[in-house]
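S.K.: Data file model-v6.cif (mmCIF, C-alpha atoms and all ligand atoms) is appended below.
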data_coords
loop_
_atom_site.group_PDB
_atom_site.id
_atom_site.type_symbol
_atom_site.label_atom_id
_atom_site.label_comp_id
_atom_site.auth_asym_id
_atom_site.auth_seq_id
_atom_site.Cartn_x
_atom_site.Cartn_y
_atom_site.Cartn_z
ATOM 1 C CA MET K 1 0.820 2.151 10.215
ATOM 2 C CA ARG K 2 2.673 4.714 12.320
ATOM 3 C CA ILE K 3 5.614 6.819 11.162
ATOM 4 C CA ILE K 4 7.701 9.461 12.907
ATOM 5 C CA THR K 5 8.904 12.315 10.685
ATOM 6 C CA GLU K 6 11.709 14.556 11.908
ATOM 7 C CA ASN K 7 10.981 17.550 9.662
ATOM 8 C CA ALA K 8 8.716 18.927 6.939
ATOM 9 C CA GLU K 9 10.798 17.367 4.152
ATOM 10 C CA GLU K 10 10.295 13.904 5.569
ATOM 11 C CA THR K 11 6.535 14.431 5.749
ATOM 12 C CA GLN K 12 6.654 15.522 2.099
ATOM 13 C CA LYS K 13 8.635 12.414 1.251
ATOM 14 C CA LEU K 14 5.897 10.293 2.767
ATOM 15 C CA GLY K 15 3.346 12.177 0.678
ATOM 16 C CA MET K 16 5.442 11.484 -2.425
ATOM 17 C CA ALA K 17 5.612 7.786 -1.623
ATOM 18 C CA LEU K 18 1.844 7.586 -1.220
ATOM 19 C CA ALA K 19 1.212 9.496 -4.462
ATOM 20 C CA LYS K 20 3.008 6.781 -6.425
ATOM 21 C CA LEU K 21 0.444 4.225 -5.235
ATOM 22 C CA VAL K 22 -2.886 5.957 -5.858
ATOM 23 C CA THR K 23 -5.228 5.530 -8.813
ATOM 24 C CA PRO K 24 -8.436 7.342 -9.854
ATOM 25 C CA GLY K 25 -11.176 7.040 -7.271
ATOM 26 C CA ASP K 26 -8.859 7.054 -4.252
ATOM 27 C CA THR K 27 -9.656 9.398 -1.366
ATOM 28 C CA ILE K 28 -7.314 10.536 1.397
ATOM 29 C CA LEU K 29 -8.612 12.181 4.571
ATOM 30 C CA LEU K 30 -6.014 14.343 6.327
ATOM 31 C CA ASN K 31 -6.546 14.968 10.024
ATOM 32 C CA GLY K 32 -4.507 17.094 12.406
ATOM 33 C CA ASP K 33 -4.545 20.433 14.218
ATOM 34 C CA LEU K 34 -3.839 23.806 12.614
ATOM 35 C CA GLY K 35 -0.225 23.771 11.460
ATOM 36 C CA ALA K 36 0.193 20.028 11.973
ATOM 37 C CA GLY K 37 1.462 19.473 8.426
ATOM 38 C CA LYS K 38 -1.541 18.512 6.250
ATOM 39 C CA THR K 39 -0.729 20.972 3.467
ATOM 40 C CA THR K 40 2.965 20.110 3.774
ATOM 41 C CA PHE K 41 2.083 16.445 3.203
ATOM 42 C CA THR K 42 -0.087 17.422 0.226
ATOM 43 C CA GLN K 43 2.801 19.425 -1.289
ATOM 44 C CA GLY K 44 4.894 16.267 -1.463
ATOM 45 C CA PHE K 45 1.943 14.270 -2.740
ATOM 46 C CA ALA K 46 1.313 16.788 -5.536
ATOM 47 C CA ARG K 47 4.970 17.078 -6.464
ATOM 48 C CA ALA K 48 5.217 13.340 -7.044
ATOM 49 C CA LEU K 49 2.293 13.673 -9.465
ATOM 50 C CA GLY K 50 4.220 16.255 -11.474
ATOM 51 C CA ILE K 51 2.641 19.384 -9.974
ATOM 52 C CA ASN K 52 5.645 21.600 -9.404
ATOM 53 C CA ARG K 53 4.187 24.949 -8.466
ATOM 54 C CA PRO K 54 3.603 25.527 -4.751
ATOM 55 C CA LEU K 55 0.125 24.471 -3.635
ATOM 56 C CA LYS K 56 -2.181 27.207 -2.498
ATOM 57 C CA SER K 57 -4.458 26.158 0.313
ATOM 58 C CA PRO K 58 -8.069 26.179 -0.921
ATOM 59 C CA THR K 59 -9.323 27.808 2.258
ATOM 60 C CA PHE K 60 -11.886 30.037 0.544
ATOM 61 C CA THR K 61 -12.570 28.049 -2.609
ATOM 62 C CA LEU K 62 -12.818 24.747 -0.650
ATOM 63 C CA VAL K 63 -11.370 22.834 -3.606
ATOM 64 C CA ARG K 64 -8.547 23.265 -6.084
ATOM 65 C CA GLU K 65 -8.215 21.024 -9.089
ATOM 66 C CA TYR K 66 -4.862 20.080 -10.656
ATOM 67 C CA GLN K 67 -4.283 18.132 -13.843
ATOM 68 C CA THR K 68 -1.784 15.303 -13.666
ATOM 69 C CA THR K 69 -0.850 12.974 -16.517
ATOM 70 C CA ASN K 70 -3.333 10.309 -15.478
ATOM 71 C CA PHE K 71 -6.139 11.919 -13.482
ATOM 72 C CA PRO K 72 -7.294 15.155 -11.864
ATOM 73 C CA LEU K 73 -6.123 15.807 -8.309
ATOM 74 C CA TYR K 74 -8.680 17.483 -6.040
ATOM 75 C CA HIS K 75 -7.212 19.227 -3.007
ATOM 76 C CA LEU K 76 -9.918 20.236 -0.549
ATOM 77 C CA ASP K 77 -9.626 22.267 2.636
ATOM 78 C CA VAL K 78 -13.051 22.496 4.243
ATOM 79 C CA TYR K 79 -11.946 24.060 7.528
ATOM 80 C CA ARG K 80 -14.275 27.013 7.157
ATOM 81 C CA LEU K 81 -17.311 24.721 6.902
ATOM 82 C CA GLY K 82 -16.711 23.856 10.539
ATOM 83 C CA GLU K 83 -17.914 27.284 11.482
ATOM 84 C CA GLU K 84 -20.389 27.889 8.692
ATOM 85 C CA GLY K 85 -21.967 24.450 8.344
ATOM 86 C CA GLY K 86 -24.123 23.705 5.320
ATOM 87 C CA ALA K 87 -21.711 21.140 3.863
ATOM 88 C CA ASP K 88 -24.563 18.858 2.846
ATOM 89 C CA GLU K 89 -25.826 21.075 0.050
ATOM 90 C CA LEU K 90 -22.439 21.601 -1.600
ATOM 91 C CA GLY K 91 -22.312 18.344 -3.563
ATOM 92 C CA LEU K 92 -18.675 17.778 -2.635
ATOM 93 C CA GLU K 93 -19.124 13.999 -2.948
ATOM 94 C CA GLU K 94 -18.739 14.417 -6.700
ATOM 95 C CA TYR K 95 -14.987 14.667 -6.047
ATOM 96 C CA PHE K 96 -14.737 11.366 -4.195
ATOM 97 C CA GLY K 97 -14.515 7.830 -5.530
ATOM 98 C CA ARG K 98 -14.859 8.826 -9.175
ATOM 99 C CA ASP K 99 -12.528 10.109 -11.903
ATOM 100 C CA GLY K 100 -9.849 11.708 -9.760
ATOM 101 C CA VAL K 101 -7.846 11.415 -6.576
ATOM 102 C CA ALA K 102 -9.054 13.546 -3.660
ATOM 103 C CA ILE K 103 -7.043 14.722 -0.658
ATOM 104 C CA ILE K 104 -9.023 16.537 2.025
ATOM 105 C CA GLU K 105 -7.979 18.695 4.975
ATOM 106 C CA TRP K 106 -10.470 18.884 7.872
ATOM 107 C CA PRO K 107 -12.624 16.019 6.500
ATOM 108 C CA GLU K 108 -14.709 15.693 9.677
ATOM 109 C CA PHE K 109 -16.714 18.729 8.530
ATOM 110 C CA ILE K 110 -18.009 16.849 5.472
ATOM 111 C CA LYS K 111 -18.535 13.401 6.924
ATOM 112 C CA ALA K 112 -21.781 12.889 5.002
ATOM 113 C CA ALA K 113 -19.873 13.142 1.724
ATOM 114 C CA TRP K 114 -17.200 10.510 2.489
ATOM 115 C CA PRO K 115 -16.994 7.564 0.092
ATOM 116 C CA ASN K 116 -16.974 3.933 1.307
ATOM 117 C CA ASP K 117 -13.290 3.424 0.797
ATOM 118 C CA PHE K 118 -10.698 5.912 2.062
ATOM 119 C CA LEU K 119 -7.324 6.315 3.692
ATOM 120 C CA THR K 120 -7.140 8.307 6.901
ATOM 121 C CA ILE K 121 -3.899 10.077 7.745
ATOM 122 C CA THR K 122 -3.495 11.838 11.074
ATOM 123 C CA ILE K 123 -0.550 14.145 11.691
ATOM 124 C CA ALA K 124 0.239 15.221 15.245
ATOM 125 C CA ARG K 125 2.988 17.110 16.999
ATOM 126 C CA THR K 126 4.845 15.107 19.598
ATOM 127 C CA SER K 127 5.627 16.227 23.130
ATOM 128 C CA ASN K 128 9.279 15.722 22.301
ATOM 129 C CA HIS K 129 11.882 18.514 22.504
ATOM 130 C CA ASN K 130 12.045 18.430 18.703
ATOM 131 C CA GLU K 131 9.667 21.141 17.397
ATOM 132 C CA ALA K 132 9.698 19.597 13.927
ATOM 133 C CA GLU K 133 8.817 16.056 14.934
ATOM 134 C CA ARG K 134 5.450 14.619 13.922
ATOM 135 C CA VAL K 135 3.753 11.298 14.371
ATOM 136 C CA VAL K 136 1.853 10.266 11.256
ATOM 137 C CA THR K 137 -0.760 7.553 11.621
ATOM 138 C CA LEU K 138 -2.235 5.898 8.533
ATOM 139 C CA ASP K 139 -5.392 3.781 8.543
ATOM 140 C CA ALA K 140 -7.362 2.103 5.782
ATOM 141 C CA THR K 141 -11.126 1.807 5.459
ATOM 142 C CA GLY K 142 -12.046 -0.578 2.640
ATOM 143 C CA GLN K 143 -10.121 -3.016 0.456
ATOM 144 C CA GLN K 144 -8.634 -0.549 -2.013
ATOM 145 C CA SER K 145 -7.143 1.592 0.772
ATOM 146 C CA GLN K 146 -5.940 -1.490 2.603
ATOM 147 C CA ALA K 147 -4.038 -2.608 -0.500
ATOM 148 C CA ILE K 148 -2.417 0.829 -0.838
ATOM 149 C CA LEU K 149 -1.367 0.838 2.796
ATOM 150 C CA GLU K 150 0.190 -2.616 2.520
ATOM 151 C CA LYS K 151 2.256 -1.462 -0.471
ATOM 152 C CA LEU K 152 3.279 1.719 1.327
ATOM 153 C CA GLU K 153 4.454 -0.297 4.313
ATOM 154 C CA THR K 154 6.625 -2.412 2.035
ATOM 155 C CA ILE K 155 8.289 0.512 0.279
ATOM 156 C CA TRP K 156 8.678 2.712 3.373
ATOM 157 C CA ASN K 157 10.410 0.109 5.559
HETATM 158 N N1 LIG K 201 7.676 17.006 10.586
HETATM 159 C C1 LIG K 201 6.956 17.991 9.999
HETATM 160 N N2 LIG K 201 5.978 17.659 9.124
HETATM 161 C C2 LIG K 201 5.228 18.618 8.552
HETATM 162 N N3 LIG K 201 5.355 19.939 8.767
HETATM 163 C C3 LIG K 201 6.318 20.329 9.621
HETATM 164 C C4 LIG K 201 7.145 19.383 10.272
HETATM 165 N N4 LIG K 201 7.999 20.046 11.075
HETATM 166 C C5 LIG K 201 7.722 21.341 10.928
HETATM 167 N N5 LIG K 201 6.724 21.531 10.066
HETATM 168 C C6 LIG K 201 6.167 22.856 9.709
HETATM 169 O O1 LIG K 201 4.873 22.943 10.229
HETATM 170 C C7 LIG K 201 4.052 23.717 9.354
HETATM 171 C C8 LIG K 201 2.872 22.896 8.895
HETATM 172 O O2 LIG K 201 2.000 23.736 8.191
HETATM 173 P P1 LIG K 201 0.868 23.210 7.242
HETATM 174 O O3 LIG K 201 0.357 24.373 6.503
HETATM 175 O O4 LIG K 201 1.352 22.040 6.457
HETATM 176 O O5 LIG K 201 -0.209 22.698 8.309
HETATM 177 P P2 LIG K 201 -1.734 22.288 8.081
HETATM 178 O O6 LIG K 201 -1.900 21.032 8.867
HETATM 179 O O7 LIG K 201 -2.031 22.244 6.638
HETATM 180 O O8 LIG K 201 -2.522 23.458 8.811
HETATM 181 P P3 LIG K 201 -3.994 24.078 8.502
HETATM 182 O O9 LIG K 201 -4.967 23.255 9.280
HETATM 183 O O10 LIG K 201 -3.888 25.469 9.012
HETATM 184 O O11 LIG K 201 -4.239 24.004 7.022
HETATM 185 C C9 LIG K 201 4.931 24.137 8.185
HETATM 186 O O12 LIG K 201 5.441 25.421 8.446
HETATM 187 C C10 LIG K 201 6.042 23.089 8.213
HETATM 188 O O13 LIG K 201 7.242 23.558 7.663
HETATM 189 MG MG MG K 202 -3.434 23.251 5.459
#
Step by step, read the file and then write its structure as structure tokens.
M.R.:
Amino acid sequence: MRIITENAEETQKLGMALAKLVTPGDTILLNGDLGAGKTTFTQGFARALGINRPLKSPTFTLVREYQTTNFPLYHLDVYRLGEEGGADELGLEEYFGRDGVAIIEWPEFIKAAWPNDFLTITIARTSNHNEAERVVTLDATGQQSQAILEKLETIWN
């Protein structure tokens, strides 16, 4: 699934739409360069789950946990592990595929911890004149993620 967003609000709207479809155990990998819009997407996602305060990026803590009515939300940003390494000993896999929903920025740095079933979302700037345009690509790995993506396609179109 491929979506063009024209501004940050639209990317947040997409995050909100996805948040309405997830259930405990779901994992979302967020790819994209620095400043692509991963945290912006997560803001919308969190807002739809009833988290109204602005999200702080967990750059130093690696993970921030939020309580929602139905499950904990784990927001991870593991960018700094790219330089430091050592992700294997952190036990981050405890956040994935279990009681909560996990959304992860820079997931390639913790590949060993990925669960079997996950959604991959890639946000990229376009070469267009519009500075605020992004192309968002969504892919499913596993049946649970595939089902979510099919529902998202129905409600987004
Ligand atoms: N279509 C768009 N979608 C998302 N963000 C956009 C868009 N257009 C402009 N922006 C702006 O781009 C910036 C994206 O920053 P954001 O912190 O979300 O990036 P990030 O991918 O999380 O970066 P990092 O890897 O540093 O964590 C914000 O300032 C946002 O307002
Ligand atoms: Mg970010």
S.K.: For the interface of chain K with ligand MG 202 (chain K) (cut-off 12 Å, counting all atoms listed in the file), please tabulate each contacting residue of chain K alongside its nearest pair of atoms and their separation in Å to one decimal, rows sorted by chain and increasing number, as JSON lines.
M.R.:
{"residue": "K:Leu30", "atom": "CA", "partner": "K:MG202", "partner_atom": "MG", "distance": 9.3}
{"residue": "K:Asn31", "atom": "CA", "partner": "K:MG202", "partner_atom": "MG", "distance": 10.0}
{"residue": "K:Gly32", "atom": "CA", "partner": "K:MG202", "partner_atom": "MG", "distance": 9.3}
{"residue": "K:Asp33", "atom": "CA", "partner": "K:MG202", "partner_atom": "MG", "distance": 9.3}
{"residue": "K:Leu34", "atom": "CA", "partner": "K:MG202", "partner_atom": "MG", "distance": 7.2}
{"residue": "K:Gly35", "atom": "CA", "partner": "K:MG202", "partner_atom": "MG", "distance": 6.8}
{"residue": "K:Ala36", "atom": "CA", "partner": "K:MG202", "partner_atom": "MG", "distance": 8.1}
{"residue": "K:Gly37", "atom": "CA", "partner": "K:MG202", "partner_atom": "MG", "distance": 6.9}
{"residue": "K:Lys38", "atom": "CA", "partner": "K:MG202", "partner_atom": "MG", "distance": 5.2}
{"residue": "K:Thr39", "atom": "CA", "partner": "K:MG202", "partner_atom": "MG", "distance": 4.1}
{"residue": "K:Thr40", "atom": "CA", "partner": "K:MG202", "partner_atom": "MG", "distance": 7.3}
{"residue": "K:Phe41", "atom": "CA", "partner": "K:MG202", "partner_atom": "MG", "distance": 9.0}
{"residue": "K:Thr42", "atom": "CA", "partner": "K:MG202", "partner_atom": "MG", "distance": 8.5}
{"residue": "K:Gln43", "atom": "CA", "partner": "K:MG202", "partner_atom": "MG", "distance": 10.0}
{"residue": "K:Leu55", "atom": "CA", "partner": "K:MG202", "partner_atom": "MG", "distance": 9.8}
{"residue": "K:Lys56", "atom": "CA", "partner": "K:MG202", "partner_atom": "MG", "distance": 9.0}
{"residue": "K:Ser57", "atom": "CA", "partner": "K:MG202", "partner_atom": "MG", "distance": 6.0}
{"residue": "K:Pro58", "atom": "CA", "partner": "K:MG202", "partner_atom": "MG", "distance": 8.4}
{"residue": "K:Thr59", "atom": "CA", "partner": "K:MG202", "partner_atom": "MG", "distance": 8.1}
{"residue": "K:Phe60", "atom": "CA", "partner": "K:MG202", "partner_atom": "MG", "distance": 11.9}
{"residue": "K:Leu62", "atom": "CA", "partner": "K:MG202", "partner_atom": "MG", "distance": 11.3}
{"residue": "K:His75", "atom": "CA", "partner": "K:MG202", "partner_atom": "MG", "distance": 10.1}
{"residue": "K:Leu76", "atom": "CA", "partner": "K:MG202", "partner_atom": "MG", "distance": 9.3}
{"residue": "K:Asp77", "atom": "CA", "partner": "K:MG202", "partner_atom": "MG", "distance": 6.9}
{"residue": "K:Val78", "atom": "CA", "partner": "K:MG202", "partner_atom": "MG", "distance": 9.7}
{"residue": "K:Tyr79", "atom": "CA", "partner": "K:MG202", "partner_atom": "MG", "distance": 8.8}
{"residue": "K:Arg80", "atom": "CA", "partner": "K:MG202", "partner_atom": "MG", "distance": 11.6}
{"residue": "K:Ile103", "atom": "CA", "partner": "K:MG202", "partner_atom": "MG", "distance": 11.1}
{"residue": "K:Ile104", "atom": "CA", "partner": "K:MG202", "partner_atom": "MG", "distance": 9.4}
{"residue": "K:Glu105", "atom": "CA", "partner": "K:MG202", "partner_atom": "MG", "distance": 6.5}
{"residue": "K:Trp106", "atom": "CA", "partner": "K:MG202", "partner_atom": "MG", "distance": 8.6}
{"residue": "K:Pro107", "atom": "CA", "partner": "K:MG202", "partner_atom": "MG", "distance": 11.7}
{"residue": "K:Ile123", "atom": "CA", "partner": "K:MG202", "partner_atom": "MG", "distance": 11.4}
S.K.: Take the residues from that selection and put them in a file with C-alpha atoms, as a PDB file, in the coordinates of the input.
M.R.:
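Printed below is result-v2.pdb as written:
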ATOM      1  CA  LEU K  30      -6.014  14.343   6.327  1.00  0.00           C
ATOM      2  CA  ASN K  31      -6.546  14.968  10.024  1.00  0.00           C
ATOM      3  CA  GLY K  32      -4.507  17.094  12.406  1.00  0.00           C
ATOM      4  CA  ASP K  33      -4.545  20.433  14.218  1.00  0.00           C
ATOM      5  CA  LEU K  34      -3.839  23.806  12.614  1.00  0.00           C
ATOM      6  CA  GLY K  35      -0.225  23.771  11.460  1.00  0.00           C
ATOM      7  CA  ALA K  36       0.193  20.028  11.973  1.00  0.00           C
ATOM      8  CA  GLY K  37       1.462  19.473   8.426  1.00  0.00           C
ATOM      9  CA  LYS K  38      -1.541  18.512   6.250  1.00  0.00           C
ATOM     10  CA  THR K  39      -0.729  20.972   3.467  1.00  0.00           C
ATOM     11  CA  THR K  40       2.965  20.110   3.774  1.00  0.00           C
ATOM     12  CA  PHE K  41       2.083  16.445   3.203  1.00  0.00           C
ATOM     13  CA  THR K  42      -0.087  17.422   0.226  1.00  0.00           C
ATOM     14  CA  GLN K  43       2.801  19.425  -1.289  1.00  0.00           C
ATOM     15  CA  LEU K  55       0.125  24.471  -3.635  1.00  0.00           C
ATOM     16  CA  LYS K  56      -2.181  27.207  -2.498  1.00  0.00           C
ATOM     17  CA  SER K  57      -4.458  26.158   0.313  1.00  0.00           C
ATOM     18  CA  PRO K  58      -8.069  26.179  -0.921  1.00  0.00           C
ATOM     19  CA  THR K  59      -9.323  27.808   2.258  1.00  0.00           C
ATOM     20  CA  PHE K  60     -11.886  30.037   0.544  1.00  0.00           C
ATOM     21  CA  LEU K  62     -12.818  24.747  -0.650  1.00  0.00           C
ATOM     22  CA  HIS K  75      -7.212  19.227  -3.007  1.00  0.00           C
ATOM     23  CA  LEU K  76      -9.918  20.236  -0.549  1.00  0.00           C
ATOM     24  CA  ASP K  77      -9.626  22.267   2.636  1.00  0.00           C
ATOM     25  CA  VAL K  78     -13.051  22.496   4.243  1.00  0.00           C
ATOM     26  CA  TYR K  79     -11.946  24.060   7.528  1.00  0.00           C
ATOM     27  CA  ARG K  80     -14.275  27.013   7.157  1.00  0.00           C
ATOM     28  CA  ILE K 103      -7.043  14.722  -0.658  1.00  0.00           C
ATOM     29  CA  ILE K 104      -9.023  16.537   2.025  1.00  0.00           C
ATOM     30  CA  GLU K 105      -7.979  18.695   4.975  1.00  0.00           C
ATOM     31  CA  TRP K 106     -10.470  18.884   7.872  1.00  0.00           C
ATOM     32  CA  PRO K 107     -12.624  16.019   6.500  1.00  0.00           C
ATOM     33  CA  ILE K 123      -0.550  14.145  11.691  1.00  0.00           C
TER      34      ILE K 123
END
S.K.: Quick one: of K:Glu131, K:Glu150, K:Glu108, K:Asp139, who's nearest to ligand LIG 201 (chain K), counting only C-alpha atoms and all ligand atoms?
M.R.: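 Of all the options, K:Glu131 lies closest to ligand LIG 201 (chain K).
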S.K.: Mind giving me the straight-line distance from CA of Ile4 (chain K) to atom O7 of ligand LIG 201 (chain K) in Å, one decimal?
M.R.: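 These atoms are spaced 17.2 Å apart.
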S.K.: Pick the closest to Pro115 (chain K) from K:Arg98, K:Arg64, K:Arg2, K:Lys151: which is it, counting all atoms listed in the file?
M.R.: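 The shortest atom-to-atom distance to Pro115 (chain K) comes from K:Arg98.
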S.K.: Convert the output of the PyMOL selection byres (((chain K and resi 18) around 10) and not hetatm) on the shown file into explicit residues, formatted as a list of chain:residue names.
M.R.: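 On this input, the PyMOL selection byres (((chain K and resi 18) around 10) and not hetatm) captures K:Gln12, K:Lys13, K:Leu14, K:Gly15, K:Met16, K:Ala17, K:Ala19, K:Lys20, K:Leu21, K:Val22, K:Ile28, K:Phe41, K:Gly44, K:Phe45, K:Ala48, K:Ile148, K:Leu149, K:Lys151, K:Leu152, K:Glu153, K:Ile155, K:Trp156.
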S.K.: Rounded to one decimal in Å, what is the spacing between atom C4 of ligand LIG 201 (chain K) and CA of Arg134 (chain K)?
M.R.: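 Taking atom C4 of ligand LIG 201 (chain K) and CA of Arg134 (chain K), their separation equals 6.2 Å.
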S.K.: What's the separation between CA of Thr122 (chain K) and CA of Thr137 (chain K), in Å to one decimal place?
M.R.: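 The value is 5.1 Å.
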S.K.: List, as a PyMOL selection string, every residue that the PyMOL selection byres (((chain K and resi 5) around 9) and not hetatm) selects in the file provided.
M.R.: chain K and resi 3-4+6-11+14+132-136
S.K.: Axis-aligned box over every listed atom of ligand LIG 201 (chain K), padded by 3 Å per side: centre and edges in Å to one decimal, as JSON?
M.R.:
{"center_x": 1.5, "center_y": 21.2, "center_z": 8.8, "size_x": 19.0, "size_y": 14.5, "size_z": 10.6}
S.K.: Using only C-alpha atoms, can you list as number ranges by chain the residues within 10 Å of (-9.1, 8.7, -12.5)?
M.R.: K: 22-26, 68, 70-73, 97-101
